[in-house]
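Undergrad: See protein18.tsv below, with TSV, C-alpha atoms.
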chain	number	residue	atom	x	y	z
S	1272	MET	CA	-10.93	19.47	15.48
S	1273	ASN	CA	-12.31	22.31	13.39
S	1274	TYR	CA	-10.32	24.69	11.23
S	1275	ASN	CA	-11.07	28.09	9.82
S	1276	SER	CA	-11.42	27.22	6.14
S	1277	SER	CA	-10.13	30.64	5.09
S	1278	LYS	CA	-6.71	29.87	6.56
S	1279	SER	CA	-4.85	26.95	5.08
S	1280	VAL	CA	-2.26	25.19	7.23
S	1281	LEU	CA	-1.21	22.90	4.42
S	1282	GLU	CA	2.35	22.75	3.21
S	1283	THR	CA	2.24	21.23	-0.26
S	1284	SER	CA	4.98	20.58	-2.74
S	1285	GLY	CA	2.99	21.91	-5.67
S	1286	ASP	CA	2.98	18.41	-7.17
S	1287	PRO	CA	-0.24	16.47	-6.35
S	1288	LEU	CA	1.50	13.13	-6.91
S	1289	THR	CA	4.22	13.93	-4.40
S	1290	ASP	CA	1.65	15.17	-1.90
S	1291	MET	CA	-0.56	12.10	-2.34
S	1292	LEU	CA	2.32	9.66	-1.87
S	1293	ARG	CA	3.39	11.58	1.22
S	1294	GLY	CA	0.37	10.05	2.93
S	1295	LEU	CA	1.49	6.51	2.02
S	1296	ARG	CA	4.40	5.17	4.02
S	1297	LEU	CA	5.80	1.91	5.33
S	1298	ASP	CA	5.18	1.29	9.01
S	1299	GLY	CA	7.09	-2.00	9.07
S	1300	VAL	CA	8.72	-4.65	6.91
S	1301	ASP	CA	9.67	-8.31	7.21
S	1302	TYR	CA	11.97	-9.83	4.60
S	1303	GLY	CA	13.07	-13.37	3.83
S	1304	ARG	CA	15.99	-14.63	1.75
S	1305	CYS	CA	14.67	-17.85	0.23
S	1306	VAL	CA	17.00	-20.55	-1.17
S	1307	LEU	CA	14.81	-23.24	-2.76
S	1308	GLY	CA	15.88	-26.43	-4.53
S	1309	GLU	CA	13.76	-27.79	-7.37
S	1310	PRO	CA	11.05	-28.86	-7.45
S	1311	TRP	CA	9.36	-26.29	-5.23
S	1312	ALA	CA	6.21	-24.22	-4.95
S	1313	VAL	CA	5.46	-21.74	-2.18
S	1314	SER	CA	1.92	-20.55	-1.47
S	1315	PHE	CA	1.53	-17.13	0.10
S	1316	PRO	CA	-1.85	-16.71	1.82
S	1317	ALA	CA	-3.85	-13.51	1.60
S	1318	GLN	CA	-2.79	-10.94	4.18
S	1319	LYS	CA	-3.33	-7.27	4.99
S	1320	ALA	CA	0.30	-6.36	4.29
S	1321	ALA	CA	1.63	-5.96	0.75
S	1322	ARG	CA	3.94	-8.64	-0.68
S	1323	PHE	CA	7.22	-7.95	-2.47
S	1324	HIS	CA	9.34	-10.46	-4.43
S	1325	PHE	CA	12.71	-10.15	-6.17
S	1326	ILE	CA	14.01	-13.02	-8.31
S	1327	GLY	CA	17.72	-13.14	-7.50
S	1328	GLN	CA	18.81	-16.39	-9.13
S	1329	GLN	CA	17.14	-18.72	-11.64
S	1330	GLY	CA	13.75	-17.81	-13.09
S	1331	CYS	CA	10.47	-19.16	-11.72
S	1332	TRP	CA	6.71	-18.94	-12.18
S	1333	LEU	CA	3.99	-16.91	-10.49
S	1334	PHE	CA	0.41	-18.09	-10.09
S	1335	SER	CA	-1.01	-14.59	-9.84
S	1336	PRO	CA	-3.94	-13.24	-7.81
S	1337	ALA	CA	-5.82	-13.27	-11.14
S	1338	LYS	CA	-5.32	-17.08	-11.25
S	1339	GLU	CA	-2.97	-17.18	-14.23
S	1340	TRP	CA	0.59	-18.46	-14.60
S	1341	ILE	CA	3.23	-15.80	-15.38
S	1342	GLU	CA	6.86	-16.64	-16.11
S	1343	LEU	CA	9.38	-14.57	-14.13
S	1344	SER	CA	13.01	-14.04	-15.14
S	1345	LEU	CA	16.19	-13.47	-13.19
S	1346	GLY	CA	16.13	-9.89	-11.91
S	1347	ASP	CA	12.34	-9.49	-12.02
S	1348	ALA	CA	10.62	-7.76	-9.12
S	1349	LEU	CA	6.93	-7.54	-8.32
S	1350	LEU	CA	4.68	-5.89	-5.79
S	1351	ILE	CA	1.30	-7.24	-4.68
S	1352	PRO	CA	-0.05	-4.12	-2.94
S	1353	ARG	CA	-3.03	-5.66	-1.15
S	1354	GLY	CA	-1.35	-8.93	-0.22
S	1355	ASP	CA	-3.65	-11.17	-2.29
S	1356	GLU	CA	-3.12	-14.93	-2.28
S	1357	HIS	CA	-0.58	-16.21	-4.84
S	1358	VAL	CA	2.02	-18.92	-5.51
S	1359	LEU	CA	5.66	-18.84	-6.62
S	1360	ALA	CA	6.91	-22.12	-8.14
S	1361	SER	CA	9.81	-23.65	-10.02
S	1362	ALA	CA	7.26	-24.77	-12.64
S	1363	PRO	CA	3.48	-24.77	-13.07
S	1364	GLY	CA	1.80	-27.78	-11.54
S	1365	VAL	CA	4.19	-28.37	-8.62
S	1366	PRO	CA	2.03	-28.91	-5.50
S	1367	PRO	CA	2.32	-25.72	-3.40
S	1368	VAL	CA	3.48	-25.75	0.22
S	1369	PRO	CA	2.41	-22.87	2.54
S	1370	ILE	CA	5.30	-20.52	3.35
S	1371	GLY	CA	4.84	-21.22	7.06
S	1372	ARG	CA	5.84	-24.89	6.60
S	1373	TYR	CA	9.30	-24.06	5.23
S	1374	THR	CA	12.39	-23.87	7.41
S	1375	ILE	CA	12.64	-20.26	8.60
S	1376	GLU	CA	15.69	-19.02	10.53
S	1377	PRO	CA	16.08	-15.45	11.84
S	1378	VAL	CA	19.17	-13.61	10.53
S	1379	CYS	CA	18.69	-10.23	12.18
S	1380	GLU	CA	15.81	-7.93	13.02
S	1381	ASN	CA	12.94	-8.44	10.53
S	1382	ILE	CA	15.11	-10.52	8.14
S	1383	TYR	CA	14.91	-14.33	7.82
S	1384	ASP	CA	16.46	-17.20	5.86
S	1385	VAL	CA	13.96	-19.58	4.27
S	1386	SER	CA	14.85	-22.96	2.71
S	1387	ASN	CA	13.20	-26.23	1.66
S	1388	GLY	CA	16.21	-28.57	1.97
S	1389	CYS	CA	15.96	-29.97	-1.57
S	1390	ASP	CA	19.13	-30.59	-3.60
S	1391	GLY	CA	17.79	-29.69	-7.04
S	1392	CYS	CA	18.72	-26.59	-9.05
S	1393	LYS	CA	18.53	-23.66	-6.65
S	1394	THR	CA	16.38	-20.55	-6.99
S	1395	LEU	CA	17.13	-17.49	-4.84
S	1396	LEU	CA	14.22	-15.25	-3.94
S	1397	PHE	CA	14.07	-12.14	-1.79
S	1398	CYS	CA	10.52	-11.90	-0.42
S	1399	GLY	CA	8.96	-9.42	1.93
S	1400	SER	CA	5.82	-8.30	3.71
S	1401	MET	CA	5.41	-4.53	3.61
S	1402	HIS	CA	3.09	-3.00	6.18
S	1403	PHE	CA	1.76	0.30	4.84
S	1404	ASN	CA	0.16	2.81	7.18
S	1405	LEU	CA	-3.03	2.31	5.15
S	1406	ASP	CA	-4.99	-0.88	4.58
S	1407	GLY	CA	-5.92	-2.31	1.20
S	1408	SER	CA	-9.44	-0.86	1.19
S	1409	HIS	CA	-8.19	2.71	1.57
S	1410	PRO	CA	-8.82	4.90	-1.51
S	1411	LEU	CA	-5.07	5.24	-2.04
S	1412	LEU	CA	-4.57	1.49	-2.38
S	1413	GLU	CA	-7.84	0.08	-3.66
S	1414	MET	CA	-7.33	1.56	-7.14
S	1415	MET	CA	-3.99	-0.20	-7.56
S	1416	PRO	CA	-3.88	-3.39	-9.63
S	1417	ASP	CA	-3.52	-6.78	-7.96
S	1418	LEU	CA	0.01	-7.07	-9.33
S	1419	MET	CA	2.73	-4.56	-10.29
S	1420	GLN	CA	5.76	-5.87	-12.21
S	1421	ALA	CA	8.90	-3.73	-12.25
S	1422	HIS	CA	9.94	-4.59	-15.80
S	1423	LYS	CA	6.63	-3.34	-17.20
S	1424	LEU	CA	7.33	0.10	-15.74
S	1425	MET	CA	11.01	0.43	-16.68
S	1426	ALA	CA	10.51	2.26	-19.98
S	1427	ASN	CA	9.37	5.43	-18.23
S	1428	ALA	CA	11.29	4.95	-14.98
S	1429	PRO	CA	15.01	4.32	-15.64
S	1430	GLY	CA	15.74	4.41	-11.91
S	1431	ILE	CA	14.03	1.04	-11.52
S	1432	GLN	CA	16.76	-0.71	-13.50
S	1433	HIS	CA	19.48	0.81	-11.30
S	1434	LEU	CA	17.71	-0.42	-8.17
S	1435	LEU	CA	17.29	-3.90	-9.65
S	1436	ASP	CA	20.98	-3.98	-10.62
S	1437	ALA	CA	21.96	-2.95	-7.10
S	1438	MET	CA	19.78	-5.69	-5.60
S	1439	ALA	CA	21.19	-8.28	-8.01
S	1440	GLY	CA	24.71	-7.24	-7.00
S	1441	GLU	CA	23.95	-7.67	-3.31
S	1442	VAL	CA	22.45	-11.10	-3.98
S	1443	ALA	CA	25.43	-12.22	-6.05
S	1444	MET	CA	28.09	-11.06	-3.57
S	1445	ASP	CA	26.28	-12.38	-0.48
S	1446	ARG	CA	28.36	-10.12	1.74
S	1447	VAL	CA	27.92	-9.44	5.45
S	1448	GLY	CA	24.89	-7.20	5.96
S	1449	SER	CA	23.53	-7.85	2.47
S	1450	GLY	CA	20.10	-8.74	3.89
S	1451	GLY	CA	19.72	-5.32	5.49
S	1452	ILE	CA	20.89	-3.52	2.37
S	1453	LEU	CA	18.52	-5.59	0.22
S	1454	ALA	CA	15.66	-4.66	2.55
S	1455	ARG	CA	16.40	-0.95	2.20
S	1456	LEU	CA	16.70	-1.23	-1.57
S	1457	ALA	CA	13.39	-3.10	-1.66
S	1458	ASP	CA	11.71	-0.29	0.28
S	1459	VAL	CA	12.91	2.27	-2.27
S	1460	LEU	CA	12.03	0.01	-5.20
S	1461	ALA	CA	8.46	-0.52	-3.95
S	1462	ALA	CA	7.95	3.24	-3.65
S	1463	THR	CA	9.44	3.73	-7.13
S	1464	ILE	CA	7.17	1.05	-8.61
S	1465	ILE	CA	4.10	2.75	-7.12
S	1466	ARG	CA	5.20	6.19	-8.32
S	1467	SER	CA	5.95	4.94	-11.83
S	1468	TRP	CA	2.61	3.15	-12.03
S	1469	VAL	CA	0.75	6.30	-11.00
S	1470	GLU	CA	2.64	8.43	-13.53
S	1471	ASN	CA	2.55	5.99	-16.44
S	1472	GLY	CA	0.02	3.30	-15.58
S	1473	CYS	CA	-3.39	2.53	-17.01
S	1474	GLY	CA	-5.38	5.38	-18.51
S	1475	ASP	CA	-8.64	5.00	-16.58
S	1476	ALA	CA	-10.98	7.90	-17.19
S	1477	THR	CA	-12.19	7.79	-13.60
S	1478	GLY	CA	-10.81	6.87	-10.24
S	1479	TRP	CA	-7.75	7.73	-8.22
S	1480	ILE	CA	-5.23	7.50	-11.08
S	1481	ALA	CA	-7.02	10.05	-13.25
S	1482	ALA	CA	-7.67	12.23	-10.22
S	1483	VAL	CA	-3.99	12.39	-9.28
S	1484	ARG	CA	-3.04	13.22	-12.85
S	1485	ASN	CA	-5.64	15.99	-12.99
S	1486	PRO	CA	-3.89	19.18	-11.79
S	1487	ASP	CA	-7.00	20.72	-10.23
S	1488	VAL	CA	-8.65	17.70	-8.60
S	1489	GLY	CA	-5.28	16.16	-7.73
S	1490	LYS	CA	-4.44	19.21	-5.63
S	1491	VAL	CA	-7.71	18.83	-3.72
S	1492	LEU	CA	-7.18	15.10	-3.13
S	1493	ALA	CA	-3.66	15.76	-1.86
S	1494	ALA	CA	-5.03	18.25	0.66
S	1495	ILE	CA	-7.68	15.80	1.88
S	1496	HIS	CA	-5.13	13.01	2.41
S	1497	LEU	CA	-2.57	15.28	4.05
S	1498	GLN	CA	-5.13	16.46	6.62
S	1499	PRO	CA	-7.99	13.95	6.91
S	1500	GLU	CA	-8.84	15.30	10.36
S	1501	ARG	CA	-9.64	18.74	8.96
S	1502	ASP	CA	-13.31	19.73	8.76
S	1503	TRP	CA	-13.39	19.82	4.97
S	1504	THR	CA	-16.47	21.36	3.40
S	1505	VAL	CA	-17.40	21.30	-0.28
S	1506	GLU	CA	-17.15	25.10	-0.28
S	1507	ALA	CA	-13.59	25.05	1.09
S	1508	LEU	CA	-12.49	22.42	-1.43
S	1509	ALA	CA	-14.13	24.33	-4.28
S	1510	ARG	CA	-12.22	27.47	-3.31
S	1511	MET	CA	-8.99	25.48	-3.36
S	1512	MET	CA	-9.72	24.46	-6.95
S	1513	GLY	CA	-10.86	27.96	-7.85
S	1514	ALA	CA	-14.33	26.90	-8.95
S	1515	SER	CA	-17.92	27.37	-7.86
S	1516	ARG	CA	-19.41	24.83	-5.49
S	1517	SER	CA	-21.56	23.19	-8.17
S	1518	ALA	CA	-18.85	23.18	-10.84
S	1519	PHE	CA	-16.34	21.69	-8.40
S	1520	ALA	CA	-18.73	18.96	-7.20
S	1521	GLN	CA	-19.58	17.99	-10.77
S	1522	ARG	CA	-15.91	17.87	-11.88
S	1523	PHE	CA	-14.80	15.95	-8.77
S	1524	ALA	CA	-17.49	13.30	-9.19
S	1525	ALA	CA	-16.69	12.91	-12.90
S	1526	VAL	CA	-12.99	12.34	-12.24
S	1527	VAL	CA	-13.02	10.45	-8.93
S	1528	GLY	CA	-16.26	8.53	-9.37
S	1529	GLU	CA	-17.98	9.71	-6.19
S	1530	THR	CA	-19.05	12.96	-4.53
S	1531	PRO	CA	-16.54	15.07	-2.57
S	1532	ALA	CA	-18.47	14.53	0.67
S	1533	LYS	CA	-18.46	10.75	0.30
S	1534	TYR	CA	-14.76	10.66	-0.55
S	1535	VAL	CA	-13.83	12.89	2.40
S	1536	LEU	CA	-15.90	10.73	4.73
S	1537	ARG	CA	-14.18	7.53	3.53
S	1538	VAL	CA	-10.71	9.00	4.01
S	1539	ARG	CA	-11.60	10.28	7.49
S	1540	MET	CA	-13.04	6.93	8.59
S	1541	HIS	CA	-9.98	5.05	7.33
S	1542	GLN	CA	-7.83	7.45	9.30
S	1543	ALA	CA	-10.01	6.78	12.32
S	1544	ARG	CA	-9.51	3.04	11.93
S	1545	GLN	CA	-5.75	3.57	11.88
S	1546	TRP	CA	-5.92	5.53	15.12
S	1547	LEU	CA	-8.11	2.85	16.72
S	1548	THR	CA	-6.09	-0.19	15.63
S	1549	ARG	CA	-2.52	1.06	15.29
S	1550	ASP	CA	-2.41	3.64	18.08
S	1551	GLY	CA	-5.03	2.15	20.40
S	1552	THR	CA	-6.86	5.49	20.58
S	1553	ARG	CA	-10.17	5.52	22.45
S	1554	VAL	CA	-13.34	5.94	20.41
S	1555	SER	CA	-14.24	9.17	22.22
S	1556	VAL	CA	-10.80	10.64	21.54
S	1557	THR	CA	-10.97	9.61	17.88
S	1558	ALA	CA	-14.39	11.24	17.55
S	1559	SER	CA	-13.05	14.45	19.07
S	1560	ARG	CA	-9.98	14.49	16.81
S	1561	LEU	CA	-12.27	14.34	13.79
S	1562	GLY	CA	-14.46	17.18	15.09
S	1563	TYR	CA	-17.58	15.16	15.94
S	1564	ASP	CA	-19.85	16.64	18.61
S	1565	SER	CA	-20.52	13.23	20.14
S	1566	GLU	CA	-19.15	9.71	20.15
S	1567	ALA	CA	-22.55	8.45	18.99
S	1568	SER	CA	-22.61	10.58	15.82
S	1569	PHE	CA	-19.05	9.50	14.98
S	1570	SER	CA	-19.92	5.84	15.57
S	1571	ARG	CA	-22.89	6.08	13.19
S	1572	ALA	CA	-20.73	7.61	10.46
S	1573	PHE	CA	-17.98	5.05	11.03
S	1574	LYS	CA	-20.36	2.09	10.82
S	1575	ARG	CA	-21.94	3.49	7.66
S	1576	VAL	CA	-18.54	3.49	5.92
S	1577	MET	CA	-16.71	0.56	7.52
S	1578	GLY	CA	-19.65	-1.79	8.12
S	1579	VAL	CA	-18.92	-2.28	11.84
S	1580	ALA	CA	-18.86	-0.07	14.91
S	1581	PRO	CA	-15.53	1.58	15.88
S	1582	SER	CA	-15.56	-0.39	19.13
S	1583	HIS	CA	-14.98	-3.52	17.04
S	1584	PHE	CA	-11.53	-2.29	15.99
S	1585	ARG	CA	-10.78	-0.77	19.37
S	1586	ASN	CA	-11.54	-4.08	21.10
S	1587	ALA	CA	-9.52	-6.05	18.53
S	1588	SER	CA	-6.57	-3.73	19.11
S	1589	GLY	CA	-6.83	-4.25	22.86
S	1590	ASP	CA	-6.90	-8.03	22.42
S	1591	GLU	CA	-3.73	-7.92	20.33
S	1592	GLN	CA	-1.94	-5.77	22.89
S	1593	SER	CA	-2.98	-7.86	25.88
Go ahead and render the structure in this file as structure tokens.
TA:
Amino acid sequence: MNYNSSKSVLETSGDPLTDMLRGLRLDGVDYGRCVLGEPWAVSFPAQKAARFHFIGQQGCWLFSPAKEWIELSLGDALLIPRGDEHVLASAPGVPPVPIGRYTIEPVCENIYDVSNGCDGCKTLLFCGSMHFNLDGSHPLLEMMPDLMQAHKLMANAPGIQHLLDAMAGEVAMDRVGSGGILARLADVLAATIIRSWVENGCGDATGWIAAVRNPDVGKVLAAIHLQPERDWTVEALARMMGASRSAFAQRFAAVVGETPAKYVLRVRMHQARQWLTRDGTRVSVTASRLGYDSEASFSRAFKRVMGVAPSHFRNASGDEQS
């Protein structure tokens, strides 16, 4: 679909951060309330969905995606945005058992009870898989660290402590419906962790973080992510920033780390993959939605960015639905 670049159909908040995060949402969640008696160690395999953990009773240890042991305290919460492999354990050195080999009982929709049947000192965890509408290689997610810990972000985000207190209260009371309330609180907490990290996280000179913080480039990135199907040209983006074409391209590349054209293409192809896999859209329809004159030209662009033809994802989606 092509747009007249002189007429903007965007509705922005005026805050690039808000507009960028508007494109990141949860499409589905699965949560487990884990009651584990010592000694225990749970291995969580790598997955496409993000992982969320809240330590509700008794501290424990994390063997992080970076392959280091980190001690966690009661009330800690962490988000592993790309779902990298990791282990939670009562102590370092306990042989890990895959999460799938524990006793798992459904409580209600998308919420489960997990236990190991041991009689030792109990640890209570609230763990979840969070399915974002974007995959881990999308520009919005790939710049995030492997691990985000809530307590490291509390100084500049007081709301995090209130959410953690509310979750701890639900865990302690163990009332009817507490699992559902915990799940909703976890959703809000994950979004708050991401927002706080963006606002107060590492000070990289390049990449997505710096781009979002930059008022001029951040506004352009927000527009691209809000409407990836739009036929964005460098000229149109430069006008949005109020700069010449050459000055805009130079500033964008310096902040983001790649040219505007390459970034736009990546965002558009990731959107295409979502349509193909999540919505089951045909390749020809996807090509048309992105304004390509032919399916062949779209397929070449898609393969250049994603490494495989769009039919690969379309066929995989059909297999899953069959």
Undergrad: Would you kindly return, as a list in words, each protein, DNA or RNA residue with an atom no farther than 8 Å from any atom of Gln1328 (chain S), considering all atoms listed in the file and excluding same-chain residues fewer than 5 positions away?
TA: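 So, after excluding close chain neighbours, the residues are Leu1345, Gly1346, Lys1393, Thr1394, Leu1395 and Leu1396 of chain S.
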Undergrad: Restricting the calculation to all atoms listed in the file: of S:Phe1519, S:Phe1397, S:Trp1311, S:Trp1503, which residue gets closest to Gly1450 (chain S)?
TA: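 Under the stated criterion, the closest residue is S:Phe1397.
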Undergrad: Tell me, in Å to one decimal, how far CA of Ala1454 (chain S) is from CA of Leu1307 (chain S).
TA: 19.3 Å
Undergrad: Write out as a count of residues only each polymer residue whose atoms come within 12 Å of Gln1318 (chain S), counting all atoms listed in the file; drop sequence neighbours fewer than 4 positions from it.
TA: 13
Undergrad: Rounded to one decimal, what separation in Å do you get between CA of Glu1339 (chain S) and CA of Met1415 (chain S)?
TA: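 Spanning CA of Glu1339 (chain S) to CA of Met1415 (chain S) is a straight-line distance of 18.3 Å.
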Undergrad: Skip Glu1441 (chain S) itself and residues of its chain fewer than 4 positions away, then list as JSON, numbers by chain all residues within 9 Å of it, counting all atoms listed in the file.
TA: {"S": [1436, 1437, 1445, 1446, 1449, 1450, 1452, 1453]}
Undergrad: Between S:Arg1522, S:Phe1315, S:Ala1462, S:Ser1361, which has the minimum distance to Gln1329 (chain S) (counting all atoms listed in the file)?
TA: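 Among the listed residues, S:Ser1361 lies closest to Gln1329 (chain S).
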Undergrad: With only C-alpha atoms as the atoms that count, which of S:Arg1553, S:Pro1363, S:Met1512, S:Met1577 lies nearest to Pro1486 (chain S)?
TA: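 Going through S:Arg1553, S:Pro1363, S:Met1512, S:Met1577 one by one, the smallest distance to Pro1486 (chain S) is for S:Met1512.
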Undergrad: Need the shell around region 1300-1304 of chain S: protein/DNA/RNA residues with any atom at most 10 Å away, counting only C-alpha atoms. Skip same-chain ones fewer than 4 positions apart. Format as a VMD selection string?
TA: chain S and resid 1320 to 1325 1327 1375 to 1378 1380 to 1386 1395 to 1403 1442 1450 to 1451 1453 to 1455 1457 to 1458
Undergrad: For the selection just defined, write its residues with C-alpha atoms to a file, as a short mmCIF file (atom, residue, chain, number, x, y, z; two decimals), in the frame of the given file.
TA:
data_model
loop_
_atom_site.label_atom_id
_atom_site.label_comp_id
_atom_site.auth_asym_id
_atom_site.auth_seq_id
_atom_site.Cartn_x
_atom_site.Cartn_y
_atom_site.Cartn_z
CA ALA S 1320 0.30 -6.36 4.29
CA ALA S 1321 1.63 -5.96 0.75
CA ARG S 1322 3.94 -8.64 -0.68
CA PHE S 1323 7.22 -7.95 -2.47
CA HIS S 1324 9.34 -10.46 -4.43
CA PHE S 1325 12.71 -10.15 -6.17
CA GLY S 1327 17.72 -13.14 -7.50
CA ILE S 1375 12.64 -20.26 8.60
CA GLU S 1376 15.69 -19.02 10.53
CA PRO S 1377 16.08 -15.45 11.84
CA VAL S 1378 19.17 -13.61 10.53
CA GLU S 1380 15.81 -7.93 13.02
CA ASN S 1381 12.94 -8.44 10.53
CA ILE S 1382 15.11 -10.52 8.14
CA TYR S 1383 14.91 -14.33 7.82
CA ASP S 1384 16.46 -17.20 5.86
CA VAL S 1385 13.96 -19.58 4.27
CA SER S 1386 14.85 -22.96 2.71
CA LEU S 1395 17.13 -17.49 -4.84
CA LEU S 1396 14.22 -15.25 -3.94
CA PHE S 1397 14.07 -12.14 -1.79
CA CYS S 1398 10.52 -11.90 -0.42
CA GLY S 1399 8.96 -9.42 1.93
CA SER S 1400 5.82 -8.30 3.71
CA MET S 1401 5.41 -4.53 3.61
CA HIS S 1402 3.09 -3.00 6.18
CA PHE S 1403 1.76 0.30 4.84
CA VAL S 1442 22.45 -11.10 -3.98
CA GLY S 1450 20.10 -8.74 3.89
CA GLY S 1451 19.72 -5.32 5.49
CA LEU S 1453 18.52 -5.59 0.22
CA ALA S 1454 15.66 -4.66 2.55
CA ARG S 1455 16.40 -0.95 2.20
CA ALA S 1457 13.39 -3.10 -1.66
CA ASP S 1458 11.71 -0.29 0.28
#
Undergrad: Nearest to Ala1428 (chain S) among S:Leu1460, S:Leu1492, S:Met1414, S:Met1511, with distances taken over all atoms listed in the file: which residue is it?
TA: S:Leu1460
Undergrad: Could you tell me how far CA of Trp1468 (chain S) lies from CA of Val1526 (chain S), in Å and to one decimal?
TA: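 Interatomic distance, CA of Trp1468 (chain S) to CA of Val1526 (chain S): 18.1 Å.
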Undergrad: Can you sort out region 1513-1519 of chain S so it carries all heavy atoms, written as a PDB file, in the coordinates of the input?
TA:
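The resulting selection01.pdb:
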ATOM      1  N   GLY S1513     -10.548  26.737  -7.127  1.00  0.00           N
ATOM      2  CA  GLY S1513     -10.860  27.960  -7.850  1.00  0.00           C
ATOM      3  C   GLY S1513     -12.096  27.837  -8.707  1.00  0.00           C
ATOM      4  O   GLY S1513     -12.166  28.377  -9.823  1.00  0.00           O
ATOM      5  N   ALA S1514     -13.106  27.114  -8.194  1.00  0.00           N
ATOM      6  CA  ALA S1514     -14.330  26.900  -8.950  1.00  0.00           C
ATOM      7  C   ALA S1514     -15.533  27.127  -8.043  1.00  0.00           C
ATOM      8  O   ALA S1514     -15.412  27.190  -6.816  1.00  0.00           O
ATOM      9  CB  ALA S1514     -14.370  25.478  -9.516  1.00  0.00           C
ATOM     10  N   SER S1515     -16.703  27.268  -8.649  1.00  0.00           N
ATOM     11  CA  SER S1515     -17.920  27.370  -7.860  1.00  0.00           C
ATOM     12  C   SER S1515     -18.222  26.030  -7.211  1.00  0.00           C
ATOM     13  O   SER S1515     -17.691  24.988  -7.630  1.00  0.00           O
ATOM     14  CB  SER S1515     -19.101  27.783  -8.750  1.00  0.00           C
ATOM     15  OG  SER S1515     -19.415  26.738  -9.659  1.00  0.00           O
ATOM     16  N   ARG S1516     -19.079  26.048  -6.215  1.00  0.00           N
ATOM     17  CA  ARG S1516     -19.410  24.830  -5.490  1.00  0.00           C
ATOM     18  C   ARG S1516     -19.978  23.774  -6.430  1.00  0.00           C
ATOM     19  O   ARG S1516     -19.564  22.607  -6.403  1.00  0.00           O
ATOM     20  CB  ARG S1516     -20.412  25.145  -4.386  1.00  0.00           C
ATOM     21  CG  ARG S1516     -20.728  23.967  -3.467  1.00  0.00           C
ATOM     22  CD  ARG S1516     -21.793  24.359  -2.451  1.00  0.00           C
ATOM     23  NE  ARG S1516     -21.985  23.337  -1.450  1.00  0.00           N
ATOM     24  CZ  ARG S1516     -22.695  22.233  -1.600  1.00  0.00           C
ATOM     25  NH1 ARG S1516     -23.279  22.001  -2.766  1.00  0.00           N
ATOM     26  NH2 ARG S1516     -22.814  21.369  -0.616  1.00  0.00           N
ATOM     27  N   SER S1517     -20.913  24.158  -7.288  1.00  0.00           N
ATOM     28  CA  SER S1517     -21.560  23.190  -8.170  1.00  0.00           C
ATOM     29  C   SER S1517     -20.601  22.681  -9.241  1.00  0.00           C
ATOM     30  O   SER S1517     -20.579  21.481  -9.550  1.00  0.00           O
ATOM     31  CB  SER S1517     -22.800  23.808  -8.817  1.00  0.00           C
ATOM     32  OG  SER S1517     -22.447  24.969  -9.557  1.00  0.00           O
ATOM     33  N   ALA S1518     -19.800  23.596  -9.801  1.00  0.00           N
ATOM     34  CA  ALA S1518     -18.850  23.180 -10.840  1.00  0.00           C
ATOM     35  C   ALA S1518     -17.789  22.248 -10.256  1.00  0.00           C
ATOM     36  O   ALA S1518     -17.404  21.252 -10.890  1.00  0.00           O
ATOM     37  CB  ALA S1518     -18.175  24.400 -11.456  1.00  0.00           C
ATOM     38  N   PHE S1519     -17.335  22.558  -9.045  1.00  0.00           N
ATOM     39  CA  PHE S1519     -16.340  21.690  -8.400  1.00  0.00           C
ATOM     40  C   PHE S1519     -16.919  20.309  -8.133  1.00  0.00           C
ATOM     41  O   PHE S1519     -16.285  19.290  -8.434  1.00  0.00           O
ATOM     42  CB  PHE S1519     -15.876  22.310  -7.079  1.00  0.00           C
ATOM     43  CG  PHE S1519     -15.206  21.329  -6.164  1.00  0.00           C
ATOM     44  CD1 PHE S1519     -13.932  20.840  -6.448  1.00  0.00           C
ATOM     45  CD2 PHE S1519     -15.855  20.853  -5.032  1.00  0.00           C
ATOM     46  CE1 PHE S1519     -13.317  19.916  -5.617  1.00  0.00           C
ATOM     47  CE2 PHE S1519     -15.253  19.924  -4.198  1.00  0.00           C
ATOM     48  CZ  PHE S1519     -13.984  19.456  -4.488  1.00  0.00           C
TER      49      PHE S1519
END
